[in-house]
file input10.cif (mmCIF, C-alpha atoms)
data_run
#
loop_
_atom_site.group_PDB
_atom_site.id
_atom_site.type_symbol
_atom_site.label_atom_id
_atom_site.label_comp_id
_atom_site.auth_asym_id
_atom_site.auth_seq_id
_atom_site.Cartn_x
_atom_site.Cartn_y
_atom_site.Cartn_z
ATOM 1 C CA MET A 1 104.632 90.908 143.459
ATOM 2 C CA VAL A 2 101.809 93.038 144.835
ATOM 3 C CA VAL A 3 102.984 95.651 147.344
ATOM 4 C CA GLY A 4 101.537 98.750 149.002
ATOM 5 C CA ALA A 5 97.928 99.316 149.903
ATOM 6 C CA THR A 6 96.541 96.505 147.754
ATOM 7 C CA ALA A 7 98.872 94.027 149.462
ATOM 8 C CA ALA A 8 97.512 95.303 152.762
ATOM 9 C CA VAL A 9 93.899 94.985 151.536
ATOM 10 C CA LEU A 10 94.508 91.378 150.456
ATOM 11 C CA GLN A 11 95.690 90.616 153.985
ATOM 12 C CA GLY A 12 92.694 92.209 155.687
ATOM 13 C CA ALA A 13 93.414 95.908 156.133
ATOM 14 C CA PRO A 14 90.144 97.836 155.650
ATOM 15 C CA ILE A 15 91.542 100.635 153.498
ATOM 16 C CA VAL A 16 90.688 101.959 150.043
ATOM 17 C CA THR A 17 93.189 102.405 147.248
ATOM 18 C CA TRP A 18 92.851 103.598 143.659
ATOM 19 C CA ASP A 19 95.736 101.810 142.016
ATOM 20 C CA LEU A 20 97.710 98.604 142.097
ATOM 21 C CA ASP A 21 101.399 98.808 143.028
ATOM 22 C CA ILE A 22 103.710 96.010 142.013
ATOM 23 C CA VAL A 23 107.460 95.471 142.280
ATOM 24 C CA ALA A 24 108.737 93.693 139.187
ATOM 25 C CA GLU A 25 111.906 91.909 138.245
ATOM 26 C CA PHE A 26 113.629 93.837 135.454
ATOM 27 C CA GLY A 27 115.755 91.179 133.776
ATOM 28 C CA ALA A 28 115.542 91.168 129.967
ATOM 29 C CA ASP A 29 113.218 88.145 129.810
ATOM 30 C CA ASN A 30 110.782 89.611 132.301
ATOM 31 C CA VAL A 31 110.860 93.041 130.679
ATOM 32 C CA ALA A 32 109.810 91.326 127.445
ATOM 33 C CA ARG A 33 106.952 89.554 129.263
ATOM 34 C CA LEU A 34 105.914 92.808 130.947
ATOM 35 C CA THR A 35 105.912 94.682 127.650
ATOM 36 C CA THR A 36 103.598 92.099 126.094
ATOM 37 C CA ALA A 37 101.270 92.032 129.094
ATOM 38 C CA LEU A 38 101.082 95.829 129.278
ATOM 39 C CA ALA A 39 100.313 96.096 125.564
ATOM 40 C CA ALA A 40 97.400 93.684 126.081
ATOM 41 C CA LEU A 41 96.144 96.009 128.827
ATOM 42 C CA ASP A 42 96.450 99.110 126.584
ATOM 43 C CA ALA A 43 98.825 100.595 129.163
ATOM 44 C CA ARG A 44 99.894 104.249 128.890
ATOM 45 C CA TYR A 45 101.974 106.427 131.203
ATOM 46 C CA ARG A 46 99.937 108.868 133.278
ATOM 47 C CA ASP A 47 101.521 112.019 131.887
ATOM 48 C CA PRO A 48 100.402 115.392 133.309
ATOM 49 C CA ALA A 49 101.270 116.897 129.908
ATOM 50 C CA GLY A 50 98.717 114.623 128.242
ATOM 51 C CA ARG A 51 101.130 112.821 125.935
ATOM 52 C CA ILE A 52 100.332 109.268 124.820
ATOM 53 C CA LEU A 53 103.390 107.337 125.994
ATOM 54 C CA THR A 54 103.463 103.565 125.948
ATOM 55 C CA PRO A 55 105.642 101.379 128.190
ATOM 56 C CA THR A 56 108.162 100.077 125.698
ATOM 57 C CA ALA A 57 110.895 97.619 126.647
ATOM 58 C CA GLU A 58 113.406 100.498 126.531
ATOM 59 C CA ARG A 59 111.376 102.630 128.932
ATOM 60 C CA LEU A 60 110.705 99.685 131.226
ATOM 61 C CA ALA A 61 114.404 98.872 131.371
ATOM 62 C CA SER A 62 115.559 102.420 132.041
ATOM 63 C CA LEU A 63 112.961 104.224 134.174
ATOM 64 C CA ARG A 64 112.722 103.649 137.921
ATOM 65 C CA LEU A 65 109.007 104.280 138.314
ATOM 66 C CA HIS A 66 106.192 103.496 135.885
ATOM 67 C CA LEU A 67 102.905 105.247 136.626
ATOM 68 C CA LEU A 68 100.496 103.634 134.177
ATOM 69 C CA THR A 69 96.843 103.680 133.350
ATOM 70 C CA THR A 70 95.328 100.575 131.763
ATOM 71 C CA ARG A 71 91.902 99.504 130.567
ATOM 72 C CA LEU A 72 91.487 97.735 133.930
ATOM 73 C CA GLY A 73 92.658 100.630 136.113
ATOM 74 C CA ASP A 74 95.812 102.371 137.252
ATOM 75 C CA LEU A 75 98.970 100.349 137.744
ATOM 76 C CA ASP A 76 102.280 101.475 139.234
ATOM 77 C CA ILE A 77 105.285 99.302 138.471
ATOM 78 C CA LEU A 78 108.200 99.932 140.801
ATOM 79 C CA ARG A 79 111.810 98.893 140.624
ATOM 80 C CA SER A 80 112.110 98.987 144.416
ATOM 81 C CA ILE A 81 110.396 100.189 147.580
ATOM 82 C CA GLY A 82 111.607 101.237 151.017
ATOM 83 C CA ASP A 83 115.367 101.442 151.347
ATOM 84 C CA GLY A 84 116.049 100.151 147.832
ATOM 85 C CA TRP A 85 114.344 96.787 148.378
ATOM 86 C CA ALA A 86 113.977 95.212 144.941
ATOM 87 C CA TYR A 87 112.180 92.078 143.767
ATOM 88 C CA ALA A 88 115.034 89.767 144.772
ATOM 89 C CA ASP A 89 115.067 91.246 148.282
ATOM 90 C CA LEU A 90 111.303 90.970 148.719
ATOM 91 C CA ILE A 91 110.284 87.692 147.109
ATOM 92 C CA ALA A 92 111.068 85.639 150.221
ATOM 93 C CA ARG A 93 108.643 87.867 152.130
ATOM 94 C CA SER A 94 105.889 87.574 149.520
ATOM 95 C CA PRO A 95 103.822 84.425 149.983
ATOM 96 C CA SER A 96 101.319 83.667 147.227
ATOM 97 C CA LEU A 97 97.696 84.374 148.029
ATOM 98 C CA GLN A 98 94.782 82.870 146.136
ATOM 99 C CA VAL A 99 93.003 85.731 144.339
ATOM 100 C CA GLY A 100 90.294 84.458 142.033
ATOM 101 C CA ALA A 101 91.952 81.799 139.903
ATOM 102 C CA LEU A 102 95.456 83.195 140.419
ATOM 103 C CA GLN A 103 98.223 82.658 142.933
ATOM 104 C CA VAL A 104 99.483 86.191 143.557
ATOM 105 C CA PRO A 105 102.811 86.846 145.330
ATOM 106 C CA THR A 106 101.904 89.470 147.924
ATOM 107 C CA LEU A 107 104.315 91.329 150.173
ATOM 108 C CA ASP A 108 103.609 90.334 153.770
ATOM 109 C CA LEU A 109 101.930 92.944 155.916
ATOM 110 C CA ARG A 110 104.911 93.418 158.229
ATOM 111 C CA ALA A 111 107.073 94.330 155.200
ATOM 112 C CA VAL A 112 104.352 96.623 153.812
ATOM 113 C CA ILE A 113 104.425 98.439 157.157
ATOM 114 C CA ALA A 114 108.243 98.645 157.089
ATOM 115 C CA ALA A 115 108.169 100.140 153.578
ATOM 116 C CA LYS A 116 105.592 102.729 154.608
ATOM 117 C CA GLU A 117 107.557 103.580 157.737
ATOM 118 C CA PHE A 118 110.623 104.123 155.573
ATOM 119 C CA ALA A 119 108.735 106.262 153.025
ATOM 120 C CA ASP A 120 107.242 108.297 155.897
ATOM 121 C CA ARG A 121 105.095 110.502 153.676
ATOM 122 C CA PRO A 122 101.889 112.001 155.118
ATOM 123 C CA LYS A 123 99.781 109.413 153.242
ATOM 124 C CA ASP A 124 101.888 106.599 154.712
ATOM 125 C CA ARG A 125 101.649 107.993 158.219
ATOM 126 C CA ALA A 126 97.862 108.283 157.825
ATOM 127 C CA THR A 127 97.523 104.584 156.957
ATOM 128 C CA LEU A 128 100.025 103.091 159.392
ATOM 129 C CA PRO A 129 97.739 102.902 162.473
ATOM 130 C CA VAL A 130 95.238 100.752 160.513
ATOM 131 C CA LEU A 131 97.979 98.507 159.135
ATOM 132 C CA ARG A 132 99.596 98.046 162.547
ATOM 133 C CA GLU A 133 96.281 97.210 164.216
ATOM 134 C CA THR A 134 95.479 94.745 161.401
ATOM 135 C CA LEU A 135 98.827 93.021 161.928
ATOM 136 C CA ARG A 136 98.244 92.954 165.681
ATOM 137 C CA LEU A 137 94.827 91.322 165.262
ATOM 138 C CA ILE A 138 96.192 88.783 162.750
ATOM 139 C CA GLU A 139 98.913 87.791 165.215
ATOM 140 C CA GLU A 140 96.453 87.677 168.107
ATOM 141 C CA HIS A 141 94.206 85.405 166.016
ATOM 142 C CA LYS A 142 97.155 83.087 165.252
ATOM 143 C CA ARG A 143 97.972 82.766 168.961
ATOM 144 C CA SER A 144 94.388 81.945 169.991
ATOM 145 C CA MET B 1 76.480 87.009 180.025
ATOM 146 C CA LEU B 2 77.575 89.493 177.381
ATOM 147 C CA PRO B 3 78.363 93.035 178.521
ATOM 148 C CA GLU B 4 75.900 95.828 177.756
ATOM 149 C CA TYR B 5 76.434 97.255 174.264
ATOM 150 C CA ASP B 6 76.811 100.881 175.280
ATOM 151 C CA ASP B 7 79.190 103.761 174.598
ATOM 152 C CA ALA B 8 81.697 102.510 177.140
ATOM 153 C CA TYR B 9 81.720 99.041 175.602
ATOM 154 C CA VAL B 10 82.139 100.446 172.086
ATOM 155 C CA ALA B 11 84.970 102.728 173.175
ATOM 156 C CA GLU B 12 86.780 99.902 174.926
ATOM 157 C CA HIS B 13 86.266 97.040 172.484
ATOM 158 C CA CYS B 14 85.595 98.472 169.029
ATOM 159 C CA PHE B 15 88.557 100.841 168.759
ATOM 160 C CA SER B 16 92.284 100.573 169.289
ATOM 161 C CA PRO B 17 93.921 103.133 171.610
ATOM 162 C CA ASP B 18 94.755 105.291 168.566
ATOM 163 C CA GLY B 19 91.211 105.185 167.236
ATOM 164 C CA VAL B 20 91.376 102.445 164.590
ATOM 165 C CA ASP B 21 88.010 100.710 164.101
ATOM 166 C CA ARG B 22 88.730 97.079 164.966
ATOM 167 C CA THR B 23 85.305 95.923 163.796
ATOM 168 C CA LEU B 24 86.220 96.725 160.182
ATOM 169 C CA ILE B 25 89.451 94.768 160.471
ATOM 170 C CA LEU B 26 87.715 91.768 162.029
ATOM 171 C CA GLU B 27 85.120 91.831 159.238
ATOM 172 C CA ALA B 28 87.862 91.896 156.607
ATOM 173 C CA LEU B 29 89.842 89.118 158.288
ATOM 174 C CA ALA B 30 86.774 86.863 158.053
ATOM 175 C CA LEU B 31 86.840 87.164 154.239
ATOM 176 C CA THR B 32 89.079 85.496 151.664
ATOM 177 C CA PRO B 33 91.696 87.635 149.880
ATOM 178 C CA THR B 34 89.477 87.606 146.763
ATOM 179 C CA GLU B 35 86.486 88.842 148.745
ATOM 180 C CA ARG B 36 88.608 91.549 150.407
ATOM 181 C CA LEU B 37 89.757 92.795 147.017
ATOM 182 C CA GLU B 38 86.226 92.740 145.577
ATOM 183 C CA ARG B 39 84.943 94.690 148.560
ATOM 184 C CA ALA B 40 87.718 97.304 148.317
ATOM 185 C CA GLN B 41 87.119 97.662 144.572
ATOM 186 C CA ALA B 42 83.372 98.117 145.078
ATOM 187 C CA LEU B 43 83.990 100.762 147.729
ATOM 188 C CA ALA B 44 86.542 102.600 145.585
ATOM 189 C CA LYS B 45 84.082 102.577 142.674
ATOM 190 C CA ALA B 46 81.285 103.915 144.840
ATOM 191 C CA LEU B 47 83.498 106.683 146.219
ATOM 192 C CA ALA B 48 85.024 107.699 142.878
ATOM 193 C CA PRO B 49 82.458 110.391 141.920
ATOM 194 C CA PHE B 50 82.899 112.123 145.263
ATOM 195 C CA VAL B 51 86.697 112.040 145.122
ATOM 196 C CA LEU B 52 86.678 113.420 141.570
ATOM 197 C CA ALA B 53 84.225 116.129 142.590
ATOM 198 C CA GLN B 54 86.470 117.060 145.477
ATOM 199 C CA SER B 55 89.631 117.257 143.386
ATOM 200 C CA THR B 56 88.279 119.631 140.737
#
call {"tool": "encode", "arguments": {"input": "input10.cif", "output": "structure tokens"}}
result
Amino acid sequence: MVVGATAAVLQGAPIVTWDLDIVAEFGADNVARLTTALAALDARYRDPAGRILTPTAERLASLRLHLLTTRLGDLDILRSIGDGWAYADLIARSPSLQVGALQVPTLDLRAVIAAKEFADRPKDRATLPVLRETLRLIEEHKRS
Amino acid sequence: MLPEYDDAYVAEHCFSPDGVDRTLILEALALTPTERLERAQALAKALAPFVLAQST
């Protein structure tokens, strides 16, 4: 599912982000699917040391955080966000949005806000007022 | 009759109490998710040279 700033953008938050964050399910079958999809995208880890490291099934199954660059842009694959919220915890809060020809499970804005509040880094605190006002206007629109 | 579009109107209606520009949010909410993503991507692409210049 799409999480983070891109999830917020898809729901109407006017913010800019440079990568796509997703939370994935890391069962063996899905790791195999991810490995194939990432190979098709020419994915490599973003390594400050400049090494060429590919996301193999072993790395995908063992690492917690995958900071990747692909031929379509940067992609972060996360095992969990917030207080250890993994795919199974979040899927019920991730309705599918129509994006182009795809139905994309997208973490709802209230949960995006909760994850950023939990992370509480300066970059999260900087974005939160925009996300909260977006949620407020969405809810106001639903009531009217 | 619509109120005068002046500084007082802008301050009261265009921004939240903590300074968030509501007009940008309302514009984005009028788009589809696909259009929102395309717009964010176009903006990120346009800003990229300046961000790279700043970070070096």
call {"tool": "interface_residues", "arguments": {"input": "input10.cif", "of": "chain B", "to": "chain A", "cutoff": "8 Å", "atoms": "only C-alpha atoms", "output": "ChimeraX atom specification"}}
result
/B:16,18,20,22,24-26,28-29,31,33-34,36-37,40-41,43-44
call {"tool": "atom_distance", "arguments": {"input": "input10.cif", "atom1": "atom CA of Tyr87 of chain A", "atom2": "atom CA of Met1 of chain A"}}
result
7.6 Å
call {"tool": "resolve_selection", "arguments": {"input": "input10.cif", "expression": "the PyMOL selection byres ((chain A and resi 92) around 12)", "output": "short mmCIF file (atom, residue, chain, number, x, y, z; two decimals) with C-alpha atoms, in the frame of the given file"}}
result
data_model
loop_
_atom_site.label_atom_id
_atom_site.label_comp_id
_atom_site.auth_asym_id
_atom_site.auth_seq_id
_atom_site.Cartn_x
_atom_site.Cartn_y
_atom_site.Cartn_z
CA MET A 1 104.63 90.91 143.46
CA TRP A 85 114.34 96.79 148.38
CA ALA A 86 113.98 95.21 144.94
CA TYR A 87 112.18 92.08 143.77
CA ALA A 88 115.03 89.77 144.77
CA ASP A 89 115.07 91.25 148.28
CA LEU A 90 111.30 90.97 148.72
CA ILE A 91 110.28 87.69 147.11
CA ARG A 93 108.64 87.87 152.13
CA SER A 94 105.89 87.57 149.52
CA PRO A 95 103.82 84.42 149.98
CA SER A 96 101.32 83.67 147.23
CA PRO A 105 102.81 86.85 145.33
CA THR A 106 101.90 89.47 147.92
CA LEU A 107 104.32 91.33 150.17
CA ASP A 108 103.61 90.33 153.77
CA ALA A 111 107.07 94.33 155.20
#
call {"tool": "atom_distance", "arguments": {"input": "input10.cif", "atom1": "atom CA of Val2 of chain A", "atom2": "atom CA of Asp21 of chain A"}}
result
6.1 Å
call {"tool": "atom_distance", "arguments": {"input": "input10.cif", "atom1": "atom CA of Val112 of chain A", "atom2": "atom CA of Pro49 of chain B"}}
result
28.5 Å
call {"tool": "resolve_selection", "arguments": {"input": "input10.cif", "expression": "the PyMOL selection byres ((chain A and resi 60-74) around 6)", "output": "MDAnalysis selection string"}}
result
chainID A and resid 19 41:46 57:59 75:79
call {"tool": "axis_aligned_box", "arguments": {"input": "input10.cif", "around": "segment 20-33 of chain B", "padding_each_side": "5 Å", "output": "lines of an AutoDock Vina configuration file"}}
result
center_x = 88.4
center_y = 94.0
center_z = 157.4
size_x = 16.6
size_y = 26.9
size_z = 25.1
call {"tool": "residues_around", "arguments": {"input": "input10.cif", "residues": "segment 4-13 of chain B", "least_positions_apart": "4", "cutoff": "10 Å", "atoms": "all atoms listed in the file", "output": "PyMOL selection string"}}
result
chain B and resi 17+19+21-23
call {"tool": "write_last_selection", "arguments": {"input": "input10.cif", "atoms": "C-alpha atoms", "output": "mmCIF file, keeping the file's coordinate frame"}}
result
data_model
loop_
_atom_site.group_PDB
_atom_site.id
_atom_site.type_symbol
_atom_site.label_atom_id
_atom_site.label_comp_id
_atom_site.auth_asym_id
_atom_site.auth_seq_id
_atom_site.Cartn_x
_atom_site.Cartn_y
_atom_site.Cartn_z
ATOM 1 C CA PRO B 17 93.921 103.133 171.610
ATOM 2 C CA GLY B 19 91.211 105.185 167.236
ATOM 3 C CA ASP B 21 88.010 100.710 164.101
ATOM 4 C CA ARG B 22 88.730 97.079 164.966
ATOM 5 C CA THR B 23 85.305 95.923 163.796
#
call {"tool": "residues_around", "arguments": {"input": "input10.cif", "residues": "Arg125 of chain A", "least_positions_apart": "6", "cutoff": "9 Å", "atoms": "all atoms listed in the file", "output": "list of chain:residue names"}}
result
A:Lys116, A:Glu117, A:Ala119
call {"tool": "decode", "arguments": {"input": "input10.cif", "residues": "segment 54-74 of chain A", "atoms": "N, CA, C and O atoms", "output": "PDB file, in the first residue's frame"}}
result
ATOM      1  N   THR A  54      21.539  -4.954  -5.295  1.00  0.00           N
ATOM      2  CA  THR A  54      20.190  -5.189  -5.800  1.00  0.00           C
ATOM      3  C   THR A  54      19.313  -5.789  -4.692  1.00  0.00           C
ATOM      4  O   THR A  54      19.814  -6.489  -3.807  1.00  0.00           O
ATOM      5  N   PRO A  55      18.018  -5.526  -4.747  1.00  0.00           N
ATOM      6  CA  PRO A  55      17.109  -6.092  -3.739  1.00  0.00           C
ATOM      7  C   PRO A  55      16.779  -7.557  -4.042  1.00  0.00           C
ATOM      8  O   PRO A  55      15.824  -7.847  -4.749  1.00  0.00           O
ATOM      9  N   THR A  56      17.594  -8.428  -3.513  1.00  0.00           N
ATOM     10  CA  THR A  56      17.355  -9.858  -3.686  1.00  0.00           C
ATOM     11  C   THR A  56      16.273 -10.315  -2.712  1.00  0.00           C
ATOM     12  O   THR A  56      15.942  -9.601  -1.748  1.00  0.00           O
ATOM     13  N   ALA A  57      15.765 -11.516  -2.932  1.00  0.00           N
ATOM     14  CA  ALA A  57      14.749 -12.056  -2.015  1.00  0.00           C
ATOM     15  C   ALA A  57      15.304 -12.153  -0.595  1.00  0.00           C
ATOM     16  O   ALA A  57      14.591 -11.868   0.376  1.00  0.00           O
ATOM     17  N   GLU A  58      16.586 -12.500  -0.463  1.00  0.00           N
ATOM     18  CA  GLU A  58      17.193 -12.615   0.868  1.00  0.00           C
ATOM     19  C   GLU A  58      17.231 -11.253   1.559  1.00  0.00           C
ATOM     20  O   GLU A  58      16.882 -11.135   2.729  1.00  0.00           O
ATOM     21  N   ARG A  59      17.648 -10.238   0.830  1.00  0.00           N
ATOM     22  CA  ARG A  59      17.686  -8.892   1.439  1.00  0.00           C
ATOM     23  C   ARG A  59      16.273  -8.417   1.769  1.00  0.00           C
ATOM     24  O   ARG A  59      16.032  -7.832   2.831  1.00  0.00           O
ATOM     25  N   LEU A  60      15.349  -8.646   0.852  1.00  0.00           N
ATOM     26  CA  LEU A  60      13.973  -8.192   1.106  1.00  0.00           C
ATOM     27  C   LEU A  60      13.395  -8.871   2.342  1.00  0.00           C
ATOM     28  O   LEU A  60      12.651  -8.257   3.116  1.00  0.00           O
ATOM     29  N   ALA A  61      13.743 -10.121   2.537  1.00  0.00           N
ATOM     30  CA  ALA A  61      13.172 -10.867   3.668  1.00  0.00           C
ATOM     31  C   ALA A  61      13.834 -10.514   4.988  1.00  0.00           C
ATOM     32  O   ALA A  61      13.239 -10.720   6.046  1.00  0.00           O
ATOM     33  N   SER A  62      15.044  -9.958   4.946  1.00  0.00           N
ATOM     34  CA  SER A  62      15.761  -9.765   6.207  1.00  0.00           C
ATOM     35  C   SER A  62      15.863  -8.301   6.637  1.00  0.00           C
ATOM     36  O   SER A  62      15.856  -8.012   7.834  1.00  0.00           O
ATOM     37  N   LEU A  63      15.963  -7.375   5.693  1.00  0.00           N
ATOM     38  CA  LEU A  63      16.132  -5.970   6.084  1.00  0.00           C
ATOM     39  C   LEU A  63      14.773  -5.356   6.444  1.00  0.00           C
ATOM     40  O   LEU A  63      13.737  -5.782   5.946  1.00  0.00           O
ATOM     41  N   ARG A  64      14.837  -4.335   7.299  1.00  0.00           N
ATOM     42  CA  ARG A  64      13.602  -3.672   7.742  1.00  0.00           C
ATOM     43  C   ARG A  64      13.191  -2.550   6.779  1.00  0.00           C
ATOM     44  O   ARG A  64      12.019  -2.266   6.592  1.00  0.00           O
ATOM     45  N   LEU A  65      14.197  -1.921   6.191  1.00  0.00           N
ATOM     46  CA  LEU A  65      13.957  -0.719   5.395  1.00  0.00           C
ATOM     47  C   LEU A  65      14.722  -0.846   4.081  1.00  0.00           C
ATOM     48  O   LEU A  65      15.909  -1.171   4.087  1.00  0.00           O
ATOM     49  N   HIS A  66      14.040  -0.580   2.976  1.00  0.00           N
ATOM     50  CA  HIS A  66      14.662  -0.721   1.661  1.00  0.00           C
ATOM     51  C   HIS A  66      14.576   0.630   0.945  1.00  0.00           C
ATOM     52  O   HIS A  66      13.508   1.014   0.479  1.00  0.00           O
ATOM     53  N   LEU A  67      15.701   1.327   0.915  1.00  0.00           N
ATOM     54  CA  LEU A  67      15.758   2.625   0.238  1.00  0.00           C
ATOM     55  C   LEU A  67      16.308   2.376  -1.158  1.00  0.00           C
ATOM     56  O   LEU A  67      17.499   2.121  -1.333  1.00  0.00           O
ATOM     57  N   LEU A  68      15.415   2.439  -2.152  1.00  0.00           N
ATOM     58  CA  LEU A  68      15.776   2.007  -3.506  1.00  0.00           C
ATOM     59  C   LEU A  68      15.701   3.162  -4.489  1.00  0.00           C
ATOM     60  O   LEU A  68      14.926   4.111  -4.305  1.00  0.00           O
ATOM     61  N   THR A  69      16.501   3.043  -5.536  1.00  0.00           N
ATOM     62  CA  THR A  69      16.309   3.909  -6.689  1.00  0.00           C
ATOM     63  C   THR A  69      15.952   2.997  -7.857  1.00  0.00           C
ATOM     64  O   THR A  69      16.462   1.873  -7.959  1.00  0.00           O
ATOM     65  N   THR A  70      15.040   3.448  -8.702  1.00  0.00           N
ATOM     66  CA  THR A  70      14.596   2.642  -9.838  1.00  0.00           C
ATOM     67  C   THR A  70      14.618   3.518 -11.079  1.00  0.00           C
ATOM     68  O   THR A  70      14.801   4.735 -10.986  1.00  0.00           O
ATOM     69  N   ARG A  71      14.381   2.890 -12.233  1.00  0.00           N
ATOM     70  CA  ARG A  71      14.393   3.708 -13.463  1.00  0.00           C
ATOM     71  C   ARG A  71      13.200   4.656 -13.515  1.00  0.00           C
ATOM     72  O   ARG A  71      13.156   5.572 -14.339  1.00  0.00           O
ATOM     73  N   LEU A  72      12.224   4.483 -12.618  1.00  0.00           N
ATOM     74  CA  LEU A  72      11.076   5.395 -12.586  1.00  0.00           C
ATOM     75  C   LEU A  72      11.130   6.372 -11.415  1.00  0.00           C
ATOM     76  O   LEU A  72      10.224   7.178 -11.245  1.00  0.00           O
ATOM     77  N   GLY A  73      12.184   6.280 -10.595  1.00  0.00           N
ATOM     78  CA  GLY A  73      12.290   7.180  -9.447  1.00  0.00           C
ATOM     79  C   GLY A  73      12.623   6.413  -8.188  1.00  0.00           C
ATOM     80  O   GLY A  73      12.823   5.197  -8.217  1.00  0.00           O
ATOM     81  N   ASP A  74      12.696   7.149  -7.080  1.00  0.00           N
ATOM     82  CA  ASP A  74      13.089   6.529  -5.811  1.00  0.00           C
ATOM     83  C   ASP A  74      11.888   5.888  -5.123  1.00  0.00           C
ATOM     84  O   ASP A  74      10.782   6.435  -5.119  1.00  0.00           O
TER      85      ASP A  74
END
